[in-house]
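*Asks:* Can you keep this structure in mind? I'll have questions shortly.
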Amino acid sequence: MITRRGFLAGSAGALALGVTSACGGVSGKSKSSGGGASKGDTGAISTQGFGKPDDVGQARIDAFKSAYPKVQVNINEGDFDAQQFLSAVASGNPPDLVYLHRDMVGSYAAKGAIQPLDDHLDSAGIKTGLYRPAALQEVTIGGKVYGVPEFYDTRNILMSGTALRSAGLTAADLGTSDWDKLHTNAVKLYKANGGKISRIGFDPKVPEFLPLWAKANGADLVNPDGSPNLADPKVIEALTFALSLVDEQGGWSKFKAFRDSWDLFGAKNEFKKDQAGAFPWEGWYVNVLVQATPKLDLDSVPFTDRQGKPISFSNGSAWCLPKGAKNPAAALNWMKVLTSTDTWLKAAAARQATVEKNKSVFTGLWTSNPTADAQVKAKYVKPGTTGFDKAIQNYYASNEYAFSIAPSKAGNEIKTAWTEAANRALSGQQKPDAAMRQAQSEAAKAFSAVK
Amino acid sequence: MAAVTTAARTRRKRNGSRSRETRAAYGFIGVWIIGFLVFTLGPMIASLVLSFTDYNAISSPRNVGWDNYRQMMSDPKVAKALGNTLVYAVMYVPTAMAVALCLAMILNRVGRASGFFRTVFYLPVMTPPVAAGALFLLLLNGNQGLLNRTLHLVGINGPNWTTDTAWVKPGLAITMLWGVGGMVVIYLAALRQVPKDLYEAAALDGAGAWMRFRRITLPMISGALFFTLIVQTIYALQMFDQAYTMFFGGQENSTYSNDAALFYVIYLFQQGFGFLHMGYASALAWLLFVVIMIITAIQVRVSRRFVYYEGERD
């Protein structure tokens, strides 16, 4: 057995023969207190991956500081960086908290980079019953809870009312229960001039929403035991259908180049410029649209399976405790405070203040805490009949029935396998069945290795 | 007697001076040597040892013998990534050298203003690669990008540089031309060293511009060309930043990875930091090292016939 420490300094740089110039440096800024306060009300905590907090994030940080004024909070602003995080953990200088996408939790848990929280939850007063089951499922690996779930993103279909009318269609015509009808209507909504796309009729949003299309067709990409199910004929059929939509609308190369040219966050967004008919998207995009184009003729319908039952795919972020975190008690307090009902209400108040300042509309906060969601909705979401109101209602409704991908110890590898397979199929490098069979082989190998 | 004493004193003085110079030299290079040992050679040795282990950066490494190397042989993505990288290197290196040489020759004729333009050409080298990658995603967009709009003005329908698998590598090669400023500076310095009388003599003998370029300029700057060939080849084989930013970077974009841009170091990074297969990633790194050494050795061997070193031989 070779001792780990002897190699730590070398490992990142050593990959180095190729990587050193290419990859960013390792932050050594993790500065924990080592205070050892069992109640977690003193010392310092540091975070990685939390990004730059917006009004909602800042209100929640303030709530923690108010509840634990003696704890110094060091936010390492910036999205999650695997290299930075792993190097920090491997060198014994980890942050006290890491903010991860929930679909990454399984892989990091399997490698021991993050700790199970079960022994800490009771002492911190965190009740797992507070969180949505689908979110909790994503952070529960081998029966142990490895993270506290935070936001909760679901998908519904957003549409341009203007585009629909121009093609003589209604929102119901772009429902996802009848795939043949959807295909026909997507083509009707699609526009091209001289070989150049001017409007995408219906964007299936693959690869990223492949789990949703597969589920609509009756299949899960990951089995409940965490093993991959990528070569399931229903998964292949779903990818084949999505590919047919793309092929009928210019083909992947033109389709994606056109989509990449959209001004997604601006006042000249794809709906405003009549570049998009419809697509499934996460709820946060409604907030973007209402701020950028408040008078937009937006329409929305729930995503449904082929039997017409509404379904949605959820994921989001979670707070995790890295191996070797020096102030775990305070870290657990942070998780508790940031995801509590009271704190979400404070965050919603901050968002409402922003909304009033911008003379905009409160589109909702969608979290893994259903109690908080219900109270925020009751207090700040105004009922109405506009397209935005309809979309907001759809996203609130989908919170209740959304599914999540089953967690896996090879979660990263499985996700990489199916996304790359979908990309190969979309770009014409492989047929969908061959691509997914290759993906299944790669993912199964990775799963066997960590099982 | 007095003469002997003086000579001995002079010798001692000279020896003392030489000794001080030697110490000073070691002082200057000592820092570099320490840095090399600690930050390059040490990690290289650690990496070599790790390449024979199963190591995830969290737990202790476990010896697995040659398993990682055997796995590489049967991993189709290694061949794919290596193929992509070599094809890209073949596209990029000659193009970059040609563009840099053209720019350097133009600058060589500019006269006093060349200093200004030299700075201008070098500035992009200072731009962070990630920023350049993000910028070129916009410039190369097949639908609205500046490059295709420009091509359209002359009646050419440009390809989808960033989304068509056939054009991804040429698009990246164009992106990387952004940073040829370093080579321009090297070539410009080399061009300035070419004796003017050679051109005058050739002109008197009736040699045209092309002949002068081929028979005088190229041989006289062949040392600089060879140096940049080696450095740029290694640089191309280690392609990472821009390709990762454009096709794999960020959690949001990562679902649109493009196999055509799966370069070797990107695959190595995925294995090491995405999947925590540090032992396998180390083995991949050593394979790349061997590939680079072989290519460099071939280049050095072939260069003997083409590179002219002034003063080396008649």
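A note on labels: chains of the structure tokens are A, B, ... as shown, every chain counts residues from 1, and ligands are counted from 1 in their shown order.
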Could you make a table, as a tab-separated table, of the residues of chain B that have an atom within 6 Å of an atom of chain A, each with its nearest atom pair and distance in Å to one decimal, counting only C-alpha atoms, in chain and number order?
*Replies:*
residue	atom	partner	partner_atom	distance
B:Pro43	CA	A:Gly10	CA	4.0
B:Met44	CA	A:Ala14	CA	5.2
B:Ala46	CA	A:Gly10	CA	5.7
B:Ser47	CA	A:Ala14	CA	4.9
B:Ala57	CA	A:Ala90	CA	5.6
B:Ile58	CA	A:Ala90	CA	5.4
B:Ser60	CA	A:Arg4	CA	4.5
B:Pro61	CA	A:Ile2	CA	5.7
B:Arg62	CA	A:Met1	CA	5.7
B:Asn141	CA	A:Ala257	CA	6.0
B:Gly142	CA	A:Ala257	CA	5.5
B:Asn143	CA	A:Phe258	CA	5.4
B:Thr163	CA	A:Ser253	CA	4.9
B:Asp164	CA	A:Ser253	CA	5.0
B:Gln238	CA	A:Gly18	CA	5.4
B:Phe240	CA	A:Ala22	CA	5.5
B:Asp241	CA	A:Ala22	CA	5.4
B:Thr255	CA	A:Thr419	CA	5.7
B:Val265	CA	A:Gly18	CA	6.0
B:Phe273	CA	A:Gln83	CA	5.7
B:Ser282	CA	A:Leu15	CA	5.4
B:Ala285	CA	A:Leu15	CA	5.7
*Asks:* Compile the contact shell of Met97 of chain B as number ranges by chain: residues with an atom at most 12 Å away, counting only C-alpha atoms, same-chain residues fewer than 3 positions apart removed.
*Replies:* B: 89-94, 100-104, 173, 176-177, 179-187, 222, 224-233
*Asks:* May I have the residues from that selection written out with C-alpha atoms, as a compact mmCIF listing (two decimals), in the first residue's frame?
*Replies:*
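The new file out-v6.txt reads:
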# COMPACT_ATOMS: atom_id res chain seq x y z
CA ALA B 89 -2.15 19.46 -34.25
CA VAL B 90 -1.63 18.78 -37.95
CA MET B 91 -4.20 21.47 -38.77
CA TYR B 92 -3.06 24.04 -36.28
CA VAL B 93 0.74 23.95 -36.18
CA PRO B 94 1.56 24.60 -39.86
CA ALA B 100 2.82 34.11 -37.76
CA LEU B 101 5.55 34.20 -40.40
CA CYS B 102 3.41 36.30 -42.75
CA LEU B 103 2.65 38.76 -39.97
CA ALA B 104 6.29 38.90 -38.93
CA ALA B 173 -7.51 25.95 -35.08
CA MET B 176 -6.01 29.35 -31.56
CA LEU B 177 -4.58 31.64 -34.26
CA GLY B 179 -2.56 33.67 -29.89
CA VAL B 180 0.13 33.61 -32.62
CA GLY B 181 1.60 36.87 -31.30
CA GLY B 182 4.30 35.03 -29.39
CA MET B 183 5.52 33.36 -32.55
CA VAL B 184 5.36 36.63 -34.46
CA VAL B 185 7.77 38.19 -31.98
CA ILE B 186 10.20 35.26 -32.31
CA TYR B 187 10.08 35.31 -36.11
CA SER B 222 15.11 27.90 -39.82
CA ALA B 224 13.45 29.90 -35.07
CA LEU B 225 11.03 27.94 -37.24
CA PHE B 226 12.24 24.68 -35.77
CA PHE B 227 11.97 26.00 -32.23
CA THR B 228 8.39 27.12 -32.75
CA LEU B 229 7.55 23.88 -34.53
CA ILE B 230 8.55 21.89 -31.46
CA VAL B 231 6.92 24.22 -28.96
CA GLN B 232 3.69 24.61 -30.91
CA THR B 233 3.41 20.88 -31.52
*Asks:* Running DSSP on the backbone, which parts of segment 85-331 of chain A land in strand (DSSP E or B), as number ranges by chain?
*Replies:* A: 97-101, 114-115, 140-141, 144-145, 148-149, 151, 153, 155-160, 191-193, 196-202, 222, 228, 276-282, 298-301, 304, 310, 313, 315, 317-322
